[in-house]
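A quick write-up on the structure given underneath.
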Amino acid sequence: MRLLPLACALALGLSSAASAAAPASPPAAKVPGSEAIASKTLANGLKIVVWPDHDIPNANYYTFYKVGSRNEHAGITGLAHFFEHMMFNGTTRRKPGEFDRTMEAAGGSNNASTSNDLTIYTDWFPSSALETIFDLEGDRMANLAFVPEVVESERGVVYSERRSSVDNDSMGTLMEQMQATAYVAHPYQIPTIGWPSDIEHWKSDDLKQFFKTYYAPNNAVLVVAGDVEPAQVFAMADKYLAALPRQPEPTPITTVEPEQLGERRLVVERADAQSPIVAYAFHSGIGAGSKDYPTLELLTTILAEGESSRLNQRLVEKEQAAVEAGAFAEAGFDPGLLWVYAMLPPGGDMAKAETLLDDELAKIARDGVTAAELDKARNLKLSEFWRGMATINGKARALGTAEVFEGDYRKAFDEPAAFETVTAAQVQALAAKILRTQNRTTGLLKPVAAPAANKAPAANNKEGAR
Amino acid sequence: MSRLRFVLAALAAFAFGSASAAPASNQNVKLPDYQTVQLDNGATLLLTPRKDVPMVAATVLVRGGSLADPAGKEGTADLLAEMLSKGAGERDALAFAQAVDGAGGSLNFGSSAEAISASAQFLSKDTGLMLSLLADALLRPKMDPAEFDKLRKHAIDGIAAAKDSDPRRLIGQYSGGWLFRGHPYGRPASGDETSLATIALTDLQAFRGQQMGGDRLIVSIAGDFDPAAVTAQVKQAFGGWAKAQGALPQATAKAKETGRRVLLVDKPGATQTYFSLVNVGSQRDDAARAAQDLVQTAFGGRFTSMLNTELRVKSGLTYGASSQIQRPRLPGAAAITSFTKTDSTKAAIDLAIATLDRLHKDGLDAATLQSAKNYIAGQFAPGMETAPQLAGAIAWLTLYGDGRDYIDGYLGQVAAATPEQVAAARAVFPASQDLVIVAIGDAAKIRGVMKGYGPLTEMKLTDPRFSP
């Protein structure tokens with residue numbers, strides 16, 4: 001049993017893309033069946049990748065749209081995520097709800113997720129339903145409708161999602177505030193779920209403009225993995241997707257976050273909390289396609305993965321200053337944050353936790369890592385790679401992630417080799433470059449006495465307006 | 001198999017667009033062949049070789065589990081399970097963790113009601129190491145006092161941290177305790193802040209002697225390994241483990257509750273109310289399992305379910321509403337759960353109750369029943385895809401004494417379930433006048449609403465127990 005918060009794990013999202021090939025890199029991993037992968041790009045720009053795998057009589061259909069909260073601005077924050085919901089809510093051919101009813105009646109299920117960078121739609125279904133899925137997906141890419149009553153109802157759904165994952169969760173609240181502080185210019189400062197006042201004020205026209213711009217075949221990658229044949233999938237794509245018109249390329253995001261010039265600190269006070277949290281967000285300077293990405297992954301693995309990791313051993317096991325300590329890096333189209341955190345027991349000493357974190361981070365930058373640690377981290381990453389390759393779902397995700405972030409699905413197989421080429425000196429140099437006080441936002445979640453009874457939390461004040 | 005599948009696929013495509021499309025084609029999903037080896041000391045070894053990726057998974061079960069926790073010392077089995085890997089054999093806690101991590105592995109110990117369990121996954125090249133680590137943990141744990149003190153404190157502090165996190169993860173803990181109060185199923189397997197504080201290392205040692213031994217051991221291994229070599233290693237490593245000294249814990253079934261009673265768990269300042277409506281439902285060997293699962297799917301088990309349609313899709317009251325059926329050896333909970341902003345608490349609970357009433361009054365129409373059959377069939381295979389899934393499924397089949405038909409025959413039963421059987425199976429969910437209700441929320445704002453549903457009991461989220 002581990003009754004520990006998982007906000008950080010949830011926030012990990014999409015971070016498994018491999019880097020560009022390192023110089024003189026060993027050959028890519030040989031995954032059984034990968035020789036059968038086929039791809040095709042339709043005339044309208046939609047890239048399609050198919051991995052036939054007949055282990056189980058099921059298939060997955062993944063659509064990666066290159067749009068996330070990175071493509072928003074003040075007034076429409078949270079719109080990409082809201083749009084994720086609206087893509088299920090009716091077309092000019094199908095009423096709201098019919099998409100799900102048709103898919104489930106054919107044995108399929110679905111979900112979707114939105115991050116800073118991407119919106120990913122996933123369908124899991126018996127391969128007998130393949131044509132149904134193509135018809136449904138082609139329809140909503142072409143003919144989405146925006147029924148005003150459904151837009152209003154869905155605002156309530158999204159707000160409820162926000163209350164659980166952010167407002168009523170200490171780590172969710174703290175991370176939102178820190179992300180908004182760590183970036184002063186780049187739209188990565190926007191919370192994917194959106195600010196409450198924006199959730200309340202999106203207009204139908206905002207949705208329509210967003211749809212036209214971003215939900216176009218040339219802004220998407222389709223991956224189908226499972227009990228299918230490429231020729232069968234390509235024929236379906238020709239029938240259901242090829243006629244969709246290409247749209248003008250979206251305006252590129254050109255803002256580069258300026259270098260941070262000193263530590264930023266913030267305190268979040270919560271009256272209903274028992275356990276303090278100390279967290280750091282460092283600018284890594286590394287995006288998912290960077291050649292340094294594998295080094296960043298190994299650095300965070302050494303810091304935080306497994307019971308024997310540095311942060312767990314120091315803060316949880318040796319000093320017993322934290323219930324949980326961890327680290328993870330976000331990397332998308334643009335450079336992301338490296339998060340480090342310690343969740344404290346009730347009454348825990350935040351200053352002590354901060355000192356211990358500082359000491360561990362300074363140590364790795366000053367003294368580097370051992371050969372055994374590097375080996376261990378590589379093995380952990382290797383087994384993570386193979387776990388992904390054990391399911392059709394993991395295969396689809398790996399191919400799509402490599403395709404959108406690196407422009408080539410084949411790079412999914414470079415990952416183990418890329419980790420092999422990273423040296424201890426590179427890990428140390430990267431630690432020294434990133435893990436500096438001047439380069440970080442420090443966030444403290446501080447439990448405080450309850451406020452007067454008539455003072456409601458901020459997120460609740462607006463709810464009556466909807 | 002594949003020829004039949006494609007025939008069915010063609011039929012389904014032909015009927016495309018109709019609500020009565022042919023059933024999905026997965027009704028021949030079966031467990032792979034696996035080998036059973038009985039050791040002389042009573043241990044069972046289950047081997048399922050498959051070579052899709054170079055990894056090996058193991059599920060290890062030791063019969064007994066949290067039902068054997070002494071009264072007032074809930075969490076004993078769970079703490080013991082976690083202690084097993086805090087140093088074992090020649091390795092101290094750090095060296096043990098380094099060995100697991102160094103092999104790119106994962107190894108998690110825990111306890112459920114009926115078994116102490118370990119689930120492990122390693123790279124194939126380290127299979128020998130994996131087995132020796134498991135054997136050390138089970139047979140030669142160091143049970144170091146300093147490690148125990150840390151673990152117990154960590155477990156207690158972890159509960160407080162969980163209470164500061166998304167309450168969706170806690171509602172089941174409270175509703176299980178409130179439904180099964182006074183019954184062994186109502187005792188928290190992970191313990192609570194009070195019971196954990198009373199447990200000493202000697203309690204763990206006593207539990208280990210009474211409840212753990214070779215005669216209660218099930219080792220299920222799936223993945224890319226050499227069966228002959230693994231069999232020899234397991235026999236060598238576990239064959240000498242002596243029998244457990246105590247009797248297996250016993251429990252009797254709890255009857256369904258009649259009437260209503262309400263527990264309100266106060267989380268001051270919460271912007272949302274998290275609620276659960278529960279009663280006693282079904283058990284592992286329930287003959288109506290397939291028919292109940294069809295009801296569960298249509299009522300609250302998928303996105304278009306009655307509950308999610310009413311509470312989320314039509315009204316926007318919540319991000320999610322669902323139902324669940326737990327099936328332990330004796331009847332477990334059947335539950336409805338959802339959450340909504342504080343000022344719509346009454347609207348959401350009323351709507352959940354009205355939807356429950358509609359299930360009992362109207363039942364499922366033919367199109368919905370066929371859709372549910374297709375849905376279950378279509379979603380079944382991905383649960384049997386990986387080595388950890390197979391190792392786990394086969395281990396638990398063995399623990400409960402079920403034959404492989406429990407899985408291999410399941411989709412056939414789903415397909416064959418008659419409308420009459422499905423109508424009768426609605427009884428797995430209670431009538432709305434017989435509900436045990438739990439809400440986590442801001443008591444100052446929802447106390448009046450909750451009183452309206454039945455006799456009210458209150459506690460605080462920060463109280464050190466999961467039941468009043």
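Identifiers in the structure tokens: chain A, B, ... in order shown; residue index from 1 per chain; ligand index from 1 in order shown.
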
Mind running chain A against chain B at 7 Å and telling me each contacting residue's nearest atom pair with the distance in Å (one decimal), counting only C-alpha atoms, chain and number ascending, as CSV?
residue,atom,partner,partner_atom,distance
A:Met1,CA,B:Gly110,CA,5.6
A:Leu3,CA,B:Ala162,CA,5.5
A:Leu4,CA,B:Ala162,CA,5.4
A:Pro5,CA,B:Ala162,CA,5.7
A:Ile56,CA,B:Ala381,CA,6.2
A:Pro57,CA,B:Asn26,CA,6.4
A:Asp100,CA,B:Thr304,CA,6.5
A:Arg101,CA,B:Thr304,CA,6.2
A:Glu104,CA,B:Tyr375,CA,5.6
A:Ala105,CA,B:Ser371,CA,4.1
A:Ala106,CA,B:Asn374,CA,6.1
A:Gly107,CA,B:Tyr375,CA,3.8
A:Gly108,CA,B:Gly378,CA,6.1
A:Phe125,CA,B:Gly378,CA,5.8
A:Pro126,CA,B:Gly378,CA,4.9
A:Ser128,CA,B:Ala9,CA,4.2
A:Glu131,CA,B:Ala13,CA,7.0
A:Thr132,CA,B:Phe16,CA,6.8
A:Ser153,CA,B:Gly316,CA,4.6
A:Glu154,CA,B:Gly316,CA,5.7
A:Gly156,CA,B:Gly316,CA,4.9
A:Val157,CA,B:Tyr319,CA,4.6
A:Val158,CA,B:Tyr319,CA,6.5
A:Ser160,CA,B:Tyr319,CA,5.3
A:Glu161,CA,B:Tyr319,CA,5.3
A:Arg163,CA,B:Thr271,CA,6.7
A:Ser164,CA,B:Asp166,CA,5.6
A:Ser165,CA,B:Asp166,CA,6.2
A:Asn168,CA,B:Asp166,CA,5.9
A:Asp169,CA,B:Ser165,CA,4.3
A:Ser170,CA,B:Asp164,CA,5.8
A:Asp272,CA,B:Pro268,CA,6.0
A:Ala273,CA,B:Asp164,CA,5.4
A:Gln274,CA,B:Ala160,CA,6.5
A:Ser275,CA,B:Ala161,CA,5.6
A:Gly306,CA,B:Asp101,CA,5.9
A:Glu307,CA,B:Ala97,CA,5.7
A:Ser308,CA,B:Ala97,CA,5.2
A:Val323,CA,B:His154,CA,6.0
A:Pro345,CA,B:Asp157,CA,5.1
A:Pro346,CA,B:Ala160,CA,6.8
A:Lys376,CA,B:Gly102,CA,4.2
A:Asn379,CA,B:Gly104,CA,4.3
A:Leu380,CA,B:Gly104,CA,3.8
A:Ser383,CA,B:Gly104,CA,5.6
A:Trp386,CA,B:Val53,CA,6.2
A:Ala390,CA,B:Val53,CA,6.1
A:Thr391,CA,B:Glu385,CA,6.7
A:Ala456,CA,B:Gly269,CA,6.7
A:Pro457,CA,B:Gly269,CA,6.6
A:Asn460,CA,B:Thr271,CA,6.0

Any chance you could export the current selection's N, CA and C atoms as a short mmCIF file (atom, residue, chain, number, x, y, z; two decimals), in the first residue's frame?
data_model
loop_
_atom_site.label_atom_id
_atom_site.label_comp_id
_atom_site.auth_asym_id
_atom_site.auth_seq_id
_atom_site.Cartn_x
_atom_site.Cartn_y
_atom_site.Cartn_z
N MET A 1 0.83 -1.20 0.00
CA MET A 1 0.00 0.00 0.00
C MET A 1 0.86 1.24 0.00
N LEU A 3 -0.39 5.20 0.24
CA LEU A 3 -1.43 6.22 0.15
C LEU A 3 -0.79 7.57 -0.13
N LEU A 4 0.00 7.62 -1.19
CA LEU A 4 0.73 8.86 -1.44
C LEU A 4 0.18 9.57 -2.66
N PRO A 5 0.26 10.87 -2.65
CA PRO A 5 -0.29 11.65 -3.76
C PRO A 5 0.43 11.34 -5.07
N ILE A 56 -3.42 -9.89 -29.70
CA ILE A 56 -4.80 -9.91 -29.23
C ILE A 56 -5.68 -9.36 -30.36
N PRO A 57 -6.96 -9.73 -30.36
CA PRO A 57 -7.83 -9.33 -31.50
C PRO A 57 -8.35 -7.90 -31.37
N ASP A 100 -20.02 8.39 -28.71
CA ASP A 100 -19.72 7.39 -27.68
C ASP A 100 -20.67 6.19 -27.77
N ARG A 101 -21.93 6.46 -28.01
CA ARG A 101 -22.88 5.33 -28.07
C ARG A 101 -22.53 4.39 -29.22
N GLU A 104 -19.15 2.50 -28.31
CA GLU A 104 -19.29 1.47 -27.27
C GLU A 104 -20.15 0.30 -27.76
N ALA A 105 -21.14 0.59 -28.58
CA ALA A 105 -21.98 -0.50 -29.11
C ALA A 105 -21.16 -1.41 -30.02
N ALA A 106 -20.09 -0.88 -30.59
CA ALA A 106 -19.22 -1.70 -31.44
C ALA A 106 -18.09 -2.34 -30.63
N GLY A 107 -18.12 -2.18 -29.31
CA GLY A 107 -17.12 -2.81 -28.45
C GLY A 107 -15.94 -1.92 -28.13
N GLY A 108 -15.97 -0.67 -28.55
CA GLY A 108 -14.82 0.21 -28.35
C GLY A 108 -14.98 1.14 -27.16
N PHE A 125 -10.40 -0.78 -29.23
CA PHE A 125 -11.58 -1.45 -29.79
C PHE A 125 -11.20 -2.82 -30.35
N PRO A 126 -12.19 -3.71 -30.49
CA PRO A 126 -11.93 -4.97 -31.18
C PRO A 126 -11.67 -4.63 -32.65
N SER A 128 -12.62 -5.78 -35.20
CA SER A 128 -13.83 -5.85 -36.03
C SER A 128 -14.50 -4.48 -36.18
N GLU A 131 -13.71 -0.09 -39.08
CA GLU A 131 -14.37 0.85 -40.00
C GLU A 131 -15.28 1.82 -39.24
N THR A 132 -15.94 1.33 -38.22
CA THR A 132 -16.77 2.22 -37.38
C THR A 132 -15.91 3.34 -36.81
N SER A 153 -23.20 22.97 -20.68
CA SER A 153 -23.16 21.83 -19.77
C SER A 153 -21.72 21.36 -19.56
N GLU A 154 -20.94 21.39 -20.65
CA GLU A 154 -19.57 20.87 -20.56
C GLU A 154 -18.67 21.78 -19.73
N GLY A 156 -19.48 22.95 -16.91
CA GLY A 156 -19.63 22.40 -15.55
C GLY A 156 -18.78 21.16 -15.36
N VAL A 157 -18.70 20.33 -16.39
CA VAL A 157 -17.90 19.10 -16.32
C VAL A 157 -16.42 19.45 -16.13
N VAL A 158 -15.95 20.39 -16.93
CA VAL A 158 -14.53 20.77 -16.86
C VAL A 158 -14.22 21.44 -15.52
N SER A 160 -15.66 20.81 -12.74
CA SER A 160 -15.61 19.74 -11.74
C SER A 160 -14.26 19.01 -11.80
N GLU A 161 -13.77 18.81 -13.01
CA GLU A 161 -12.44 18.19 -13.17
C GLU A 161 -11.38 19.07 -12.52
N ARG A 163 -11.78 21.21 -10.05
CA ARG A 163 -11.88 21.20 -8.58
C ARG A 163 -11.17 19.99 -7.99
N SER A 164 -11.31 18.83 -8.63
CA SER A 164 -10.68 17.63 -8.06
C SER A 164 -9.17 17.62 -8.26
N SER A 165 -8.72 17.96 -9.45
CA SER A 165 -7.29 17.78 -9.73
C SER A 165 -6.44 18.97 -9.31
N ASN A 168 -8.86 20.95 -4.97
CA ASN A 168 -8.95 20.12 -3.76
C ASN A 168 -7.75 19.21 -3.61
N ASP A 169 -6.65 19.53 -4.27
CA ASP A 169 -5.45 18.70 -4.21
C ASP A 169 -4.26 19.62 -3.98
N SER A 170 -3.58 19.43 -2.88
CA SER A 170 -2.49 20.35 -2.52
C SER A 170 -1.42 20.44 -3.61
N ASP A 272 -7.13 23.73 4.71
CA ASP A 272 -7.62 22.36 4.89
C ASP A 272 -6.50 21.33 4.73
N ALA A 273 -5.26 21.78 4.73
CA ALA A 273 -4.15 20.84 4.53
C ALA A 273 -3.49 20.49 5.86
N GLN A 274 -2.93 19.29 5.93
CA GLN A 274 -2.13 18.88 7.09
C GLN A 274 -0.64 18.82 6.76
N SER A 275 -0.33 18.49 5.51
CA SER A 275 1.05 18.15 5.15
C SER A 275 1.68 19.22 4.27
N GLY A 306 12.95 4.76 -8.21
CA GLY A 306 13.27 3.58 -7.42
C GLY A 306 13.56 3.92 -5.97
N GLU A 307 13.40 2.89 -5.14
CA GLU A 307 13.60 3.10 -3.71
C GLU A 307 15.04 3.50 -3.38
N SER A 308 15.99 3.07 -4.23
CA SER A 308 17.40 3.38 -3.94
C SER A 308 17.83 4.72 -4.50
N VAL A 323 7.72 12.31 3.42
CA VAL A 323 6.97 11.08 3.17
C VAL A 323 7.31 10.56 1.77
N PRO A 345 5.62 15.15 6.25
CA PRO A 345 4.59 14.68 7.18
C PRO A 345 3.92 15.89 7.86
N PRO A 346 2.75 15.70 8.47
CA PRO A 346 2.13 16.81 9.18
C PRO A 346 3.12 17.42 10.17
N LYS A 376 22.43 1.50 -13.43
CA LYS A 376 21.11 1.25 -12.86
C LYS A 376 20.05 2.09 -13.59
N ASN A 379 19.31 0.66 -16.97
CA ASN A 379 18.45 -0.54 -16.88
C ASN A 379 17.00 -0.16 -16.59
N LEU A 380 16.81 0.82 -15.72
CA LEU A 380 15.43 1.26 -15.42
C LEU A 380 14.77 1.81 -16.68
N SER A 383 13.97 -1.14 -19.12
CA SER A 383 12.77 -1.93 -18.81
C SER A 383 11.52 -1.09 -19.05
N TRP A 386 10.83 -1.47 -22.72
CA TRP A 386 10.24 -2.76 -23.10
C TRP A 386 8.82 -2.91 -22.56
N ALA A 390 5.34 -3.82 -24.87
CA ALA A 390 4.62 -5.06 -24.58
C ALA A 390 3.13 -4.95 -24.89
N THR A 391 2.64 -3.74 -25.19
CA THR A 391 1.21 -3.60 -25.48
C THR A 391 1.01 -2.82 -26.78
N ALA A 456 -14.76 32.03 1.67
CA ALA A 456 -14.66 30.83 0.82
C ALA A 456 -13.35 30.87 0.04
N PRO A 457 -12.80 29.71 -0.33
CA PRO A 457 -11.60 29.69 -1.16
C PRO A 457 -11.85 30.37 -2.49
N ASN A 460 -13.86 29.00 -5.43
CA ASN A 460 -15.29 28.80 -5.24
C ASN A 460 -16.10 30.07 -5.49
#

### Task
Pick out the residues sitting within 9 Å of Gly138 (chain A), and hand them over as a list in words; count only C-alpha atoms, and ignore anything fewer than 4 positions along from it in its own chain.
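In the requested form, the answer reads Ile133, Phe134, Ala142, Asn143, Ala237, Tyr240, Leu241 and Leu244 of chain A.
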
### Task
Please identify which residues in region 22-270 of chain B DSSP calls strand (DSSP E or B) from the backbone, and express them as a ChimeraX atom specification.
/B:35-38,44-49,55-63,88,91,106-111,115-123,141,217-223,261-266

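Summary of the local environment: counting only C-alpha atoms, residues at most 9 Å from Asp40 (chain B), other than itself and those fewer than 2 positions away along its chain, are Gln38, Gly42, Ala43, Asp215, Lys235, Gly239 and Gly240 of chain B.
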
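Non-sequential neighbours of Val449 (chain B) (distance at most 12 Å, separation of 5 or more positions within a chain, only C-alpha atoms) are Val262, Leu264, Thr273, Thr342, Asp343, Ser344, Thr345, Lys346, Ala347, Ala348, Ile349, Asp350, Ala439, Gly441, Asp442, Ala443, Ala444, Gly454, Pro455 and Leu456 of chain B.
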
Those residues with N, CA and C atoms, as an mmCIF file, in the first residue's frame please?
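Output file again07.cif is given in full below:
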data_model
loop_
_atom_site.group_PDB
_atom_site.id
_atom_site.type_symbol
_atom_site.label_atom_id
_atom_site.label_comp_id
_atom_site.auth_asym_id
_atom_site.auth_seq_id
_atom_site.Cartn_x
_atom_site.Cartn_y
_atom_site.Cartn_z
ATOM 1 N N VAL B 262 -26.236 7.543 7.040
ATOM 2 C CA VAL B 262 -25.405 8.509 6.325
ATOM 3 C C VAL B 262 -24.183 8.871 7.165
ATOM 4 N N LEU B 264 -21.098 11.671 7.157
ATOM 5 C CA LEU B 264 -20.563 12.901 6.556
ATOM 6 C C LEU B 264 -19.145 13.113 7.083
ATOM 7 N N THR B 273 -18.210 18.118 -3.247
ATOM 8 C CA THR B 273 -18.628 17.009 -2.395
ATOM 9 C C THR B 273 -18.407 15.704 -3.150
ATOM 10 N N THR B 342 -20.019 21.990 -4.331
ATOM 11 C CA THR B 342 -20.690 21.938 -3.047
ATOM 12 C C THR B 342 -22.170 22.308 -3.152
ATOM 13 N N ASP B 343 -22.489 23.369 -3.895
ATOM 14 C CA ASP B 343 -23.883 23.811 -3.868
ATOM 15 C C ASP B 343 -24.797 22.977 -4.761
ATOM 16 N N SER B 344 -24.267 21.998 -5.492
ATOM 17 C CA SER B 344 -25.162 21.093 -6.225
ATOM 18 C C SER B 344 -25.157 19.686 -5.622
ATOM 19 N N THR B 345 -24.725 19.580 -4.358
ATOM 20 C CA THR B 345 -24.667 18.273 -3.712
ATOM 21 C C THR B 345 -26.026 17.569 -3.744
ATOM 22 N N LYS B 346 -27.068 18.294 -3.371
ATOM 23 C CA LYS B 346 -28.393 17.658 -3.326
ATOM 24 C C LYS B 346 -28.849 17.254 -4.727
ATOM 25 N N ALA B 347 -28.644 18.131 -5.685
ATOM 26 C CA ALA B 347 -29.075 17.822 -7.057
ATOM 27 C C ALA B 347 -28.394 16.554 -7.572
ATOM 28 N N ALA B 348 -27.116 16.419 -7.287
ATOM 29 C CA ALA B 348 -26.368 15.273 -7.819
ATOM 30 C C ALA B 348 -26.771 13.977 -7.108
ATOM 31 N N ILE B 349 -26.894 14.012 -5.789
ATOM 32 C CA ILE B 349 -27.266 12.784 -5.073
ATOM 33 C C ILE B 349 -28.700 12.390 -5.437
ATOM 34 N N ASP B 350 -29.582 13.365 -5.521
ATOM 35 C CA ASP B 350 -30.961 13.056 -5.926
ATOM 36 C C ASP B 350 -30.993 12.407 -7.307
ATOM 37 N N ALA B 439 -20.431 10.897 2.369
ATOM 38 C CA ALA B 439 -20.042 12.101 1.625
ATOM 39 C C ALA B 439 -18.820 12.718 2.286
ATOM 40 N N GLY B 441 -16.990 16.312 2.278
ATOM 41 C CA GLY B 441 -17.214 17.673 1.801
ATOM 42 C C GLY B 441 -17.208 18.652 2.953
ATOM 43 N N ASP B 442 -17.597 19.878 2.643
ATOM 44 C CA ASP B 442 -17.596 20.934 3.661
ATOM 45 C C ASP B 442 -18.873 20.815 4.495
ATOM 46 N N ALA B 443 -18.738 20.247 5.693
ATOM 47 C CA ALA B 443 -19.915 19.904 6.500
ATOM 48 C C ALA B 443 -20.767 21.123 6.806
ATOM 49 N N ALA B 444 -20.133 22.275 7.018
ATOM 50 C CA ALA B 444 -20.909 23.468 7.365
ATOM 51 C C ALA B 444 -21.908 23.804 6.254
ATOM 52 N N GLY B 454 -31.139 10.502 5.629
ATOM 53 C CA GLY B 454 -31.242 9.457 6.646
ATOM 54 C C GLY B 454 -30.496 9.872 7.894
ATOM 55 N N PRO B 455 -30.512 9.018 8.898
ATOM 56 C CA PRO B 455 -29.826 9.335 10.160
ATOM 57 C C PRO B 455 -28.346 9.632 9.895
ATOM 58 N N LEU B 456 -27.888 10.765 10.437
ATOM 59 C CA LEU B 456 -26.567 11.276 10.072
ATOM 60 C C LEU B 456 -25.528 11.048 11.169
#

### Message
Residues within 8 Å of Trp202 (chain A), please, as a ChimeraX atom specification. Count only C-alpha atoms; anything in the same chain fewer than 5 positions from it doesn't count.
### Response
/A:75-76,79,207

Produce a file of the selected residues containing N, CA and C atoms, as a compact mmCIF listing (two decimals), in the first residue's frame.
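File written: result_32.txt
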# COMPACT_ATOMS: atom_id res chain seq x y z
N GLY A 75 -7.55 34.89 -21.75
CA GLY A 75 -8.92 34.94 -22.24
C GLY A 75 -9.41 33.59 -22.76
N ILE A 76 -8.50 32.82 -23.32
CA ILE A 76 -8.91 31.48 -23.81
C ILE A 76 -8.05 30.38 -23.18
N LEU A 79 -8.66 26.34 -23.28
CA LEU A 79 -9.53 26.05 -24.42
C LEU A 79 -9.16 24.73 -25.11
N LEU A 207 -14.28 28.64 -30.02
CA LEU A 207 -14.19 27.21 -30.31
C LEU A 207 -14.09 26.97 -31.82

### Task
Could you jot down the CA of Leu131 (chain B) to CA of Arg63 (chain B) separation for me, Å, one decimal place?
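Separating CA of Leu131 (chain B) from CA of Arg63 (chain B) is a distance of 19.3 Å.
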
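The residue set within 12 Å of Met236 (chain A), counting only C-alpha atoms and dropping same-chain residues fewer than 5 places from it, reads Leu42, Ile48, Ala129, Leu130, Glu131, Thr132, Ile133, Phe134, Asp135, Leu136, Glu137, Gly138, Val224, Val228, Glu229, Pro230, Ala231, Leu241, Ala242 and Ala243 of chain A.
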
Residues from the last selection, N, CA and C atoms, saved as a compact mmCIF listing (two decimals), in the first residue's frame:
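Output file result-v3.txt is given in full below:
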# COMPACT_ATOMS: atom_id res chain seq x y z
N LEU A 42 -1.13 11.30 -46.47
CA LEU A 42 -2.18 11.64 -47.43
C LEU A 42 -1.86 12.98 -48.08
N ILE A 48 0.13 8.95 -41.43
CA ILE A 48 -0.47 7.75 -40.84
C ILE A 48 0.62 6.71 -40.63
N ALA A 129 -14.18 -3.56 -35.26
CA ALA A 129 -14.84 -2.23 -35.28
C ALA A 129 -14.03 -1.19 -36.05
N LEU A 130 -12.99 -1.61 -36.75
CA LEU A 130 -12.07 -0.63 -37.36
C LEU A 130 -12.81 0.39 -38.25
N GLU A 131 -13.71 -0.09 -39.08
CA GLU A 131 -14.37 0.85 -40.00
C GLU A 131 -15.28 1.82 -39.24
N THR A 132 -15.94 1.33 -38.22
CA THR A 132 -16.77 2.22 -37.38
C THR A 132 -15.91 3.34 -36.81
N ILE A 133 -14.73 3.00 -36.34
CA ILE A 133 -13.85 4.00 -35.72
C ILE A 133 -13.43 5.04 -36.77
N PHE A 134 -13.04 4.56 -37.95
CA PHE A 134 -12.64 5.52 -39.00
C PHE A 134 -13.79 6.46 -39.35
N ASP A 135 -14.99 5.91 -39.44
CA ASP A 135 -16.14 6.75 -39.78
C ASP A 135 -16.37 7.81 -38.70
N LEU A 136 -16.30 7.39 -37.44
CA LEU A 136 -16.52 8.33 -36.34
C LEU A 136 -15.44 9.41 -36.31
N GLU A 137 -14.19 8.98 -36.43
CA GLU A 137 -13.09 9.94 -36.33
C GLU A 137 -13.06 10.89 -37.53
N GLY A 138 -13.33 10.34 -38.71
CA GLY A 138 -13.36 11.19 -39.91
C GLY A 138 -14.47 12.23 -39.80
N VAL A 224 -2.19 3.70 -35.86
CA VAL A 224 -3.05 2.55 -35.59
C VAL A 224 -2.13 1.37 -35.29
N VAL A 228 -4.51 -5.39 -37.22
CA VAL A 228 -4.91 -4.79 -38.51
C VAL A 228 -3.76 -5.00 -39.49
N GLU A 229 -4.03 -4.75 -40.77
CA GLU A 229 -2.96 -4.76 -41.78
C GLU A 229 -2.84 -3.35 -42.36
N PRO A 230 -1.63 -2.92 -42.68
CA PRO A 230 -1.46 -1.57 -43.21
C PRO A 230 -2.35 -1.27 -44.41
N ALA A 231 -2.47 -2.23 -45.34
CA ALA A 231 -3.26 -1.96 -46.54
C ALA A 231 -4.71 -1.67 -46.18
N LEU A 241 -10.74 9.82 -44.65
CA LEU A 241 -9.95 10.97 -44.21
C LEU A 241 -9.34 11.77 -45.37
N ALA A 242 -9.17 11.13 -46.51
CA ALA A 242 -8.39 11.77 -47.58
C ALA A 242 -9.07 13.03 -48.13
N ALA A 243 -10.41 13.08 -48.03
CA ALA A 243 -11.12 14.22 -48.62
C ALA A 243 -11.13 15.46 -47.71

### Task
May I have the residues within 10 Å of region 82-95 of chain A as a ChimeraX atom specification, using only C-alpha atoms and disregarding those fewer than 4 positions away in the same chain?
/A:68,76-78,99-100,102,110-114,119-121,136-137,139-147,150-151,154-155,157-159,192-194,199,202,207-208,210-211,215 /B:313

### Task
Would you mind telling me which residue in B:Met83, B:Leu217, B:Ile325, B:Val295 lies nearest to Val60 (chain B) when using only C-alpha atoms?
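Closest to Val60 (chain B) of all the choices is B:Leu217.
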
### Task
Record the distance separating CA of Gly182 (chain B) and CA of Ser276 (chain B), expressed in Å with one decimal.
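Between CA of Gly182 (chain B) and CA of Ser276 (chain B) the gap works out to 19.2 Å.
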
### Query
DSSP on the backbone: what in region 137-351 of chain B comes out alpha helix (DSSP H), as JSON, numbers by chain?
{"B": [137, 138, 139, 145, 146, 147, 148, 149, 150, 151, 152, 153, 154, 155, 156, 157, 158, 159, 160, 161, 162, 163, 171, 172, 173, 174, 175, 176, 177, 178, 179, 193, 194, 195, 196, 197, 198, 201, 202, 203, 204, 205, 206, 207, 208, 209, 210, 211, 227, 228, 229, 230, 231, 232, 233, 234, 235, 236, 237, 238, 289, 290, 291, 292, 293, 294, 295, 296, 297, 298, 299, 300, 306, 307, 308, 345, 346, 347, 348, 349, 350, 351]}
